[in-house]
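Structure file protein12.cif with mmCIF, C-alpha atoms:
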```
data_input
loop_
_atom_site.label_atom_id
_atom_site.label_comp_id
_atom_site.auth_asym_id
_atom_site.auth_seq_id
_atom_site.Cartn_x
_atom_site.Cartn_y
_atom_site.Cartn_z
CA MET A 1 -1.84 -1.40 -0.33
CA SER A 2 1.79 -1.03 -1.20
CA GLN A 3 3.31 1.97 -2.91
CA SER A 4 5.40 0.70 -5.77
CA HIS A 5 7.97 -1.73 -7.08
CA GLN A 6 10.67 0.91 -6.94
CA ASP A 7 13.60 2.23 -4.93
CA ASN A 8 12.69 2.55 -1.27
CA PRO A 9 11.32 6.10 -0.80
CA GLY A 10 12.69 6.21 2.73
CA THR A 11 16.20 6.33 1.28
CA ALA A 12 15.31 8.53 -1.67
CA ALA A 13 16.00 11.68 0.33
CA ALA A 14 19.67 11.13 -0.44
CA ALA A 15 18.94 11.38 -4.15
CA SER A 16 19.20 14.48 -6.31
CA PRO A 17 16.94 17.28 -5.04
CA ALA A 18 15.37 17.57 -8.49
CA ALA A 19 13.55 14.79 -10.27
CA ALA A 20 14.99 13.49 -13.52
CA PRO A 21 13.65 15.41 -16.54
CA THR A 22 12.10 12.21 -17.88
CA ALA A 23 9.95 11.78 -14.75
CA LYS A 24 6.26 12.36 -15.40
CA PRO A 25 4.70 15.18 -13.34
CA THR A 26 1.39 14.58 -11.58
CA ALA A 27 -1.42 17.12 -11.62
CA LEU A 28 -0.16 18.38 -8.24
CA TYR A 29 3.43 19.00 -9.39
CA ASP A 30 3.24 22.82 -9.31
CA LEU A 31 1.51 22.77 -5.93
CA HIS A 32 4.25 20.52 -4.52
CA LEU A 33 6.92 22.94 -5.71
CA SER A 34 5.08 25.91 -4.21
CA GLN A 35 4.99 24.06 -0.87
CA GLY A 36 8.73 23.38 -0.93
CA GLY A 37 8.49 19.75 -1.98
CA ARG A 38 11.80 18.02 -2.70
CA MET A 39 11.03 16.14 -5.90
CA VAL A 40 12.43 12.75 -6.88
CA ASP A 41 11.83 10.27 -9.68
CA PHE A 42 9.69 7.52 -8.17
CA ALA A 43 8.37 4.76 -10.45
CA GLY A 44 8.76 7.15 -13.39
CA TYR A 45 6.83 9.98 -11.72
CA SER A 46 8.08 13.23 -10.24
CA LEU A 47 6.86 13.09 -6.64
CA PRO A 48 7.84 14.81 -3.38
CA VAL A 49 10.00 12.72 -1.08
CA GLN A 50 9.63 15.34 1.66
CA PHE A 51 8.49 18.88 2.49
CA LYS A 52 9.44 20.09 6.00
CA GLY A 53 11.19 16.83 6.79
CA ILE A 54 10.41 13.12 6.93
CA VAL A 55 10.20 12.80 10.72
CA ALA A 56 8.08 15.95 11.12
CA GLU A 57 5.69 14.73 8.40
CA HIS A 58 5.55 11.25 9.94
CA ASN A 59 4.68 12.67 13.36
CA HIS A 60 2.12 15.11 11.97
CA THR A 61 0.34 12.22 10.23
CA ARG A 62 0.25 10.18 13.43
CA GLU A 63 -1.11 13.15 15.40
CA HIS A 64 -3.21 15.18 12.95
CA ALA A 65 -3.71 14.71 9.18
CA SER A 66 -1.53 14.83 6.07
CA VAL A 67 -2.10 14.78 2.32
CA PHE A 68 -0.02 12.43 0.15
CA ASP A 69 0.01 12.52 -3.65
CA VAL A 70 -0.43 8.90 -4.77
CA SER A 71 -1.50 9.70 -8.32
CA HIS A 72 1.22 7.41 -9.66
CA MET A 73 -0.88 4.39 -8.69
CA GLY A 74 -2.81 2.59 -11.43
CA GLN A 75 -6.56 3.22 -11.26
CA VAL A 76 -8.33 0.67 -13.45
CA SER A 77 -11.99 -0.06 -14.16
CA VAL A 78 -13.03 -3.58 -15.13
CA THR A 79 -16.37 -4.10 -16.84
CA GLY A 80 -18.34 -7.24 -17.62
CA PRO A 81 -22.02 -7.92 -18.31
CA ASP A 82 -22.92 -8.16 -14.61
CA PHE A 83 -21.24 -8.22 -11.20
CA LEU A 84 -21.05 -11.99 -10.78
CA THR A 85 -19.54 -12.53 -14.24
CA THR A 86 -16.90 -9.87 -13.57
CA ALA A 87 -16.11 -11.11 -10.06
CA GLN A 88 -15.87 -14.77 -11.00
CA ALA A 89 -13.61 -13.96 -13.95
CA LEU A 90 -11.30 -11.97 -11.66
CA GLU A 91 -11.27 -14.89 -9.22
CA THR A 92 -9.63 -17.09 -11.84
CA LEU A 93 -6.53 -14.92 -11.32
CA LEU A 94 -6.96 -13.50 -7.82
CA PRO A 95 -7.19 -15.57 -4.61
CA GLY A 96 -9.33 -13.01 -2.77
CA ALA A 97 -13.06 -13.56 -2.21
CA ILE A 98 -14.21 -11.15 -4.90
CA SER A 99 -17.67 -12.57 -5.66
CA THR A 100 -18.80 -12.08 -2.04
CA LEU A 101 -18.04 -8.33 -2.04
CA LYS A 102 -21.03 -6.21 -1.12
CA PRO A 103 -21.75 -2.93 -2.94
CA GLY A 104 -19.38 -0.24 -1.70
CA ALA A 105 -16.87 -2.74 -0.27
CA MET A 106 -13.14 -3.05 -0.97
CA ARG A 107 -10.78 -6.02 -0.65
CA TYR A 108 -7.00 -6.31 -0.47
CA THR A 109 -5.58 -9.26 -2.39
CA VAL A 110 -2.60 -10.33 -4.48
CA LEU A 111 -1.96 -11.18 -8.11
CA LEU A 112 -0.05 -14.47 -8.32
CA ASN A 113 1.92 -16.28 -11.00
CA ASP A 114 1.61 -20.01 -11.66
CA ASP A 115 4.37 -20.73 -9.13
CA GLY A 116 2.49 -18.89 -6.39
CA GLY A 117 4.80 -15.85 -6.45
CA ILE A 118 3.34 -12.39 -5.94
CA GLU A 119 3.20 -10.33 -9.15
CA ASP A 120 1.58 -7.42 -7.30
CA ASP A 121 -0.68 -6.59 -4.40
CA LEU A 122 -3.81 -4.61 -5.12
CA ILE A 123 -7.20 -3.37 -3.94
CA VAL A 124 -10.40 -4.55 -5.64
CA THR A 125 -13.57 -2.48 -5.15
CA ARG A 126 -17.21 -3.16 -5.91
CA PRO A 127 -18.71 0.31 -6.38
CA GLY A 128 -22.03 0.85 -4.68
CA ASP A 129 -23.22 3.83 -6.69
CA ALA A 130 -25.61 3.98 -9.61
CA GLN A 131 -23.27 5.99 -11.86
CA LEU A 132 -21.38 2.86 -12.88
CA PRO A 133 -22.83 -0.26 -14.53
CA ALA A 134 -23.48 -3.19 -12.17
CA GLY A 135 -20.78 -5.21 -13.93
CA THR A 136 -18.04 -2.64 -13.30
CA MET A 137 -15.41 -3.08 -10.60
CA LEU A 138 -12.36 -0.99 -9.73
CA ILE A 139 -8.77 -2.08 -9.11
CA VAL A 140 -5.78 -0.09 -7.88
CA PHE A 141 -2.37 -1.39 -8.99
CA ASN A 142 1.09 -0.38 -7.81
CA ALA A 143 2.69 2.31 -9.95
CA ALA A 144 5.64 0.46 -11.49
CA ARG A 145 3.53 -2.68 -12.01
CA LYS A 146 0.40 -1.15 -13.51
CA TYR A 147 1.24 -1.72 -17.19
CA HIS A 148 2.58 -5.20 -16.40
CA ASP A 149 -0.58 -6.03 -14.42
CA LEU A 150 -2.90 -4.60 -17.04
CA ALA A 151 -1.27 -6.69 -19.78
CA LEU A 152 -1.51 -9.81 -17.64
CA PHE A 153 -5.22 -9.24 -16.93
CA GLU A 154 -6.02 -8.39 -20.55
CA ASN A 155 -4.17 -11.44 -21.86
CA ALA A 156 -6.04 -13.72 -19.48
CA LEU A 157 -9.48 -12.11 -19.40
CA GLY A 158 -9.67 -9.65 -22.30
CA ASP A 159 -12.19 -11.80 -24.16
CA LYS A 160 -14.60 -11.61 -21.18
CA LEU A 161 -13.95 -8.23 -19.58
CA LYS A 162 -13.02 -4.69 -20.62
CA PHE A 163 -10.10 -3.08 -18.76
CA GLU A 164 -9.46 0.67 -18.75
CA LEU A 165 -6.52 2.43 -17.09
CA HIS A 166 -7.61 5.92 -15.99
CA GLU A 167 -4.51 8.09 -16.32
CA ASN A 168 -6.80 11.12 -16.42
CA LYS A 169 -7.46 10.70 -12.70
CA SER A 170 -5.43 11.72 -9.66
CA LEU A 171 -5.38 10.05 -6.26
CA LEU A 172 -4.91 11.97 -3.01
CA ALA A 173 -4.52 10.22 0.34
CA LEU A 174 -5.71 12.15 3.41
CA GLN A 175 -4.28 10.23 6.38
CA GLY A 176 -4.25 10.65 10.14
CA PRO A 177 -6.51 10.57 13.21
CA GLU A 178 -8.08 13.92 12.28
CA ALA A 179 -8.72 12.95 8.63
CA GLY A 180 -12.38 12.14 9.28
CA ALA A 181 -13.05 15.44 11.01
CA VAL A 182 -11.29 17.34 8.22
CA LEU A 183 -13.17 15.61 5.41
CA ALA A 184 -16.50 15.90 7.23
CA GLN A 185 -16.25 19.68 6.75
CA LEU A 186 -16.32 19.11 2.98
CA CYS A 187 -18.65 16.13 2.41
CA ASP A 188 -20.61 13.40 4.18
CA ALA A 189 -18.30 10.49 3.25
CA PRO A 190 -16.89 10.00 6.79
CA GLU A 191 -20.42 9.48 8.13
CA LYS A 192 -21.10 6.81 5.47
CA LEU A 193 -17.85 4.86 5.41
CA ALA A 194 -16.04 2.41 7.64
CA PHE A 195 -12.56 1.06 6.82
CA MET A 196 -12.36 -0.49 3.34
CA GLN A 197 -15.59 1.03 2.05
CA THR A 198 -16.14 3.48 -0.82
CA THR A 199 -18.68 6.04 -1.99
CA THR A 200 -18.99 9.04 -4.29
CA CYS A 201 -19.67 12.59 -3.20
CA GLU A 202 -19.13 16.18 -4.26
CA ILE A 203 -16.48 18.44 -2.75
CA ASP A 204 -17.00 22.07 -3.72
CA GLY A 205 -19.13 20.90 -6.64
CA ILE A 206 -16.52 18.40 -7.89
CA GLU A 207 -17.45 14.72 -8.16
CA CYS A 208 -15.02 12.53 -6.22
CA ARG A 209 -14.75 8.86 -5.36
CA ILE A 210 -13.76 8.52 -1.73
CA SER A 211 -12.50 5.32 -0.13
CA ARG A 212 -11.74 4.87 3.57
CA ALA A 213 -8.35 3.25 3.26
CA GLY A 214 -4.66 4.04 3.22
CA TYR A 215 -1.07 2.94 3.75
CA THR A 216 -0.14 4.48 7.09
CA GLY A 217 -1.93 2.44 9.76
CA GLU A 218 -4.06 5.50 10.56
CA ASP A 219 -7.63 6.34 9.68
CA GLY A 220 -7.75 7.98 6.30
CA PHE A 221 -9.32 8.43 2.90
CA GLU A 222 -8.19 8.12 -0.69
CA ILE A 223 -9.80 10.66 -3.01
CA SER A 224 -9.96 9.85 -6.73
CA VAL A 225 -10.70 12.88 -8.89
CA GLY A 226 -10.11 14.11 -12.43
CA ASN A 227 -6.65 15.57 -12.99
CA GLN A 228 -8.10 18.97 -13.83
CA PHE A 229 -9.66 19.20 -10.34
CA ALA A 230 -6.89 17.63 -8.25
CA GLN A 231 -5.19 20.88 -7.25
CA LYS A 232 -8.48 22.48 -6.23
CA ILE A 233 -9.35 19.48 -4.01
CA ALA A 234 -5.89 19.52 -2.44
CA GLN A 235 -6.15 23.24 -1.73
CA LYS A 236 -9.57 22.73 -0.11
CA LEU A 237 -7.97 20.19 2.22
CA TYR A 238 -5.07 22.54 3.00
CA GLU A 239 -7.50 25.27 4.05
CA ASP A 240 -7.89 23.27 7.26
CA ALA A 241 -5.07 24.15 9.67
CA ARG A 242 -4.86 20.52 10.79
CA VAL A 243 -3.66 19.40 7.35
CA GLU A 244 -0.10 19.52 6.02
CA PRO A 245 1.60 17.96 2.97
CA ALA A 246 3.69 14.82 3.36
CA GLY A 247 5.99 12.98 0.98
CA LEU A 248 7.13 9.50 0.07
CA GLY A 249 9.71 9.34 2.86
CA ALA A 250 7.12 9.72 5.62
CA ARG A 251 4.77 7.38 3.79
CA ASP A 252 7.46 4.71 3.88
CA SER A 253 8.26 5.05 7.60
CA LEU A 254 4.53 5.12 8.41
CA ARG A 255 3.78 1.97 6.42
CA LEU A 256 6.78 0.18 7.94
CA GLU A 257 5.62 0.96 11.48
CA ALA A 258 2.19 -0.30 10.36
CA GLY A 259 3.74 -3.60 9.24
CA LEU A 260 2.62 -3.13 5.62
CA CYS A 261 4.57 -4.66 2.74
CA LEU A 262 6.21 -2.66 -0.04
CA TYR A 263 6.11 -4.47 -3.37
CA GLY A 264 9.54 -5.20 -4.82
CA HIS A 265 11.07 -5.20 -1.35
CA ASP A 266 9.01 -7.21 1.16
CA MET A 267 7.37 -9.27 -1.57
CA ASN A 268 8.06 -10.06 -5.20
CA GLU A 269 7.37 -12.62 -7.91
CA HIS A 270 9.46 -15.24 -6.09
CA ILE A 271 7.75 -14.88 -2.69
CA ASP A 272 4.42 -16.58 -1.97
CA PRO A 273 1.67 -14.97 0.15
CA ILE A 274 1.98 -17.56 2.95
CA SER A 275 5.68 -16.85 3.52
CA ALA A 276 4.88 -13.13 3.30
CA GLY A 277 2.28 -13.37 6.06
CA LEU A 278 -0.55 -12.42 3.71
CA LEU A 279 -2.89 -15.36 4.27
CA PHE A 280 -5.72 -12.86 4.83
CA ALA A 281 -5.43 -11.90 1.14
CA ILE A 282 -6.76 -15.38 0.26
CA GLY A 283 -10.48 -15.95 0.82
CA LYS A 284 -11.28 -18.62 3.42
CA LYS A 285 -13.26 -20.85 1.05
CA ARG A 286 -10.67 -20.32 -1.65
CA ARG A 287 -8.03 -21.85 0.64
CA GLU A 288 -10.01 -25.08 0.31
CA LEU A 289 -11.29 -24.86 -3.26
CA GLY A 290 -8.39 -23.15 -5.06
CA GLY A 291 -9.23 -22.17 -8.62
CA PHE A 292 -6.87 -19.18 -8.85
CA ALA A 293 -3.46 -18.67 -10.46
CA GLY A 294 -0.77 -20.44 -8.43
CA ALA A 295 -3.33 -22.21 -6.26
CA GLU A 296 -1.68 -25.63 -6.35
CA ARG A 297 1.64 -24.34 -5.04
CA VAL A 298 0.13 -21.87 -2.55
CA LEU A 299 -2.20 -24.46 -1.01
CA GLU A 300 0.70 -26.90 -0.79
CA ILE A 301 2.75 -24.34 1.16
CA LEU A 302 -0.28 -23.59 3.34
CA ALA A 303 -0.65 -27.29 4.19
CA GLU A 304 3.03 -27.96 4.82
CA GLY A 305 3.97 -24.60 6.34
CA PRO A 306 6.39 -22.16 4.71
CA GLN A 307 10.14 -22.68 4.98
CA THR A 308 10.74 -18.97 5.47
CA ARG A 309 8.60 -16.25 7.00
CA ARG A 310 8.44 -12.48 6.93
CA VAL A 311 9.04 -11.16 10.43
CA GLY A 312 9.17 -7.81 12.16
CA ILE A 313 12.29 -7.00 14.17
CA ILE A 314 12.92 -4.26 16.73
CA PHE A 315 16.65 -3.57 17.09
CA GLU A 316 18.61 -2.27 20.05
CA GLY A 317 20.22 1.18 19.94
CA ARG A 318 19.33 3.83 17.38
CA MET A 319 21.19 2.79 14.21
CA PRO A 320 18.76 2.01 11.35
CA VAL A 321 19.15 -1.45 9.82
CA ARG A 322 18.46 -0.98 6.12
CA GLU A 323 17.30 -3.20 3.28
CA GLY A 324 19.86 -5.83 2.30
CA ALA A 325 21.48 -6.18 5.73
CA PRO A 326 22.20 -9.88 6.38
CA ILE A 327 20.63 -11.66 9.35
CA VAL A 328 22.99 -14.18 10.99
CA ASP A 329 22.63 -16.94 13.57
CA GLU A 330 24.73 -17.37 16.72
CA GLU A 331 27.56 -18.93 14.69
CA GLY A 332 27.59 -16.02 12.26
CA HIS A 333 26.02 -17.95 9.37
CA GLU A 334 23.72 -15.89 7.18
CA ILE A 335 20.12 -17.11 7.54
CA GLY A 336 18.17 -14.26 5.97
CA HIS A 337 18.14 -10.59 5.05
CA VAL A 338 16.32 -7.36 5.80
CA THR A 339 13.81 -6.29 3.15
CA SER A 340 12.79 -2.92 4.66
CA GLY A 341 14.25 -1.01 7.58
CA THR A 342 14.25 2.43 9.17
CA PHE A 343 14.25 4.22 12.50
CA GLY A 344 10.61 4.31 13.59
CA PRO A 345 9.79 7.86 14.75
CA THR A 346 6.69 6.71 16.68
CA ILE A 347 8.16 3.59 18.27
CA LYS A 348 11.49 5.44 18.74
CA ALA A 349 13.59 2.44 17.77
CA PRO A 350 15.11 0.88 14.64
CA ILE A 351 12.58 -1.46 13.03
CA ALA A 352 12.77 -3.78 10.05
CA MET A 353 11.09 -6.55 8.12
CA ALA A 354 13.13 -9.58 7.15
CA TYR A 355 12.76 -13.10 5.80
CA VAL A 356 14.21 -15.83 8.02
CA PRO A 357 13.78 -19.61 8.31
CA ALA A 358 10.50 -20.51 10.01
CA GLU A 359 12.28 -21.82 13.12
CA PHE A 360 13.65 -18.31 13.75
CA ALA A 361 10.31 -16.55 13.22
CA ARG A 362 8.78 -16.98 16.67
CA GLU A 363 8.01 -13.76 18.56
CA GLY A 364 10.74 -12.99 21.08
CA THR A 365 13.51 -14.74 19.13
CA LYS A 366 16.82 -12.86 19.21
CA LEU A 367 18.32 -12.15 15.79
CA THR A 368 21.49 -10.34 14.76
CA ALA A 369 21.85 -8.11 11.70
CA LEU A 370 25.17 -6.97 10.28
CA VAL A 371 25.43 -3.25 9.51
CA ARG A 372 28.77 -2.53 7.82
CA ASN A 373 29.96 -5.80 9.43
CA ARG A 374 28.95 -4.57 12.89
CA PRO A 375 26.45 -6.79 14.76
CA VAL A 376 23.15 -5.19 15.79
CA VAL A 377 20.93 -7.30 18.03
CA GLY A 378 17.17 -7.36 17.54
CA THR A 379 14.08 -9.20 18.71
CA VAL A 380 11.34 -10.68 16.53
CA SER A 381 8.24 -8.58 17.20
CA LYS A 382 4.57 -8.73 16.34
CA MET A 383 3.46 -6.44 13.56
CA PRO A 384 2.17 -3.79 13.33
CA PHE A 385 4.89 -2.17 15.41
CA VAL A 386 2.39 0.53 16.44
CA PRO A 387 -1.36 -0.07 16.94
CA ALA A 388 -3.52 0.36 13.85
CA ASN A 389 -6.15 3.10 14.06
CA TYR A 390 -8.51 2.09 11.25
CA ALA A 391 -12.15 3.22 11.52
CA ARG A 392 -14.11 0.04 12.13
CA LYS A 393 -17.42 1.90 11.90
CA PRO A 394 -18.59 5.03 10.07
CA GLY A 395 -18.13 8.45 11.64
CA VAL A 396 -15.37 10.89 12.50
#
```

So that I can check it, write out the structure of this file as structure tokens.
Amino acid sequence: MSQSHQDNPGTAAAASPAAAPTAKPTALYDLHLSQGGRMVDFAGYSLPVQFKGIVAEHNHTREHASVFDVSHMGQVSVTGPDFLTTAQALETLLPGAISTLKPGAMRYTVLLNDDGGIEDDLIVTRPGDAQLPAGTMLIVFNAARKYHDLALFENALGDKLKFELHENKSLLALQGPEAGAVLAQLCDAPEKLAFMQTTTCEIDGIECRISRAGYTGEDGFEISVGNQFAQKIAQKLYEDARVEPAGLGARDSLRLEAGLCLYGHDMNEHIDPISAGLLFAIGKKRRELGGFAGAERVLEILAEGPQTRRVGIIFEGRMPVREGAPIVDEEGHEIGHVTSGTFGPTIKAPIAMAYVPAEFAREGTKLTALVRNRPVVGTVSKMPFVPANYARKPGV
């Protein structure tokens, strides 16, 4: 799941150390300040870009466990008369296989326009607990797209389904290889959940929805809880010596090493999911039957093959190749551009995502980026750049 259609948080550390006064604080704002968080305006919210430092937080997440405040994301409930009615209505917009979701299961998919462009990427969940009606499903939108997405869904499906944006809820992401062991001290969710599954449980008497998911490539959990309880939950997590806070900067370098798209950078309303390498976001049967927004164009691209493709590139040297850097061929003609780039602390090399013509997208192809008109040579690489460590079965 991507963070937000917003300025790249990996470069936000160069911004003002204080967030703009118009930025909306999350329920964890005071806690962030007390922990030394450097606050920035991100998608209209005041969020920490870093605490001790981006690289230190990145490495701690890869080795132990970190807490990220992702309360800026849009948490939405969708309710219809029964599960199948709700799911099939959502499938008229979304290409994911929603109606085959089992109770407690989650699915990554994309919201498309009629031209097949990506309006947002999102997570759809079928809750498995009895507290919610059988016809209720949950969706998480990107922060800067949540009002746009909500309006689009309500305009298309408001006569069939009820949509509610829960701005009274916070979202905390506990990420890292020790996340399961940490959370298991507080509740039984790790023993119940595999990757992309959800449940409810109590932590210190507080009702939480816990999903085994994240945006770092590591095992992890996203904890949805009422704003009034968010700080208490965070402090319970921080009681464990293995847990430290992490900000948007580390989240960006982690997701880039994990090969995960950032909306507004690696995908947007003009990029289709096939070119973006997101075929998995389209259900297998739906690739044959269509029936979703943009289906005609997307299935045409799928049949013919995309003209451009999103690729991962590992560059030589140590100089980061940032978003916007042109990619040129051997004659120096521009053939594409970088959409996200950083120095990968885990892989210990500059890495990037870029869109290039399909003939240049094969693994092992040499590509050159221009950084301040200086050529930097790279090689098309498989993504993720570092192995994913998702929990394929329940347990710690």

Evaluate the PyMOL selection byres ((chain A and resi 366) around 9) and report residues as number ranges by chain:
A: 313, 360, 363-365, 367-368, 377-380

Within 8 Å of (10.7, -8.7, 8.0), in the coordinates the file gives, what residues turn up when you count only C-alpha atoms, written out as a VMD selection string?
chain A and resid 266 309 to 313 338 to 340 352 to 356

Here's the selection I'm unsure about, the PyMOL selection byres ((chain A and resi 59) around 12); applied to the file above, which residues does it give, as an MDAnalysis selection string?
chainID A and resid 52:58 60:66 175:177 216 218 244 246 250:251 253:254 257 344:348

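Taking only C-alpha atoms into account, Gly294 (chain A) lies nearest to A:Leu111 out of the set A:Ile210, A:Leu111, A:Ala241, A:Cys187.
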
CA of Gly264 (chain A) and CA of Ile314 (chain A) are how many Å apart?
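Calculated distance between CA of Gly264 (chain A) and CA of Ile314 (chain A) is 21.8 Å.
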
For region 124-133 of chain A, list every protein, DNA or RNA residue within 8 Å, evaluated using all atoms listed in the file, and leave out those in the same chain fewer than 4 positions away; present the list as a VMD selection string.
chain A and resid 79 82 98 101 to 109 137 to 140 198 to 200

Can you measure CA of Leu171 (chain A) to CA of Val225 (chain A) for me? One decimal in Å is fine.
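Here the two named atoms are 6.6 Å from each other.
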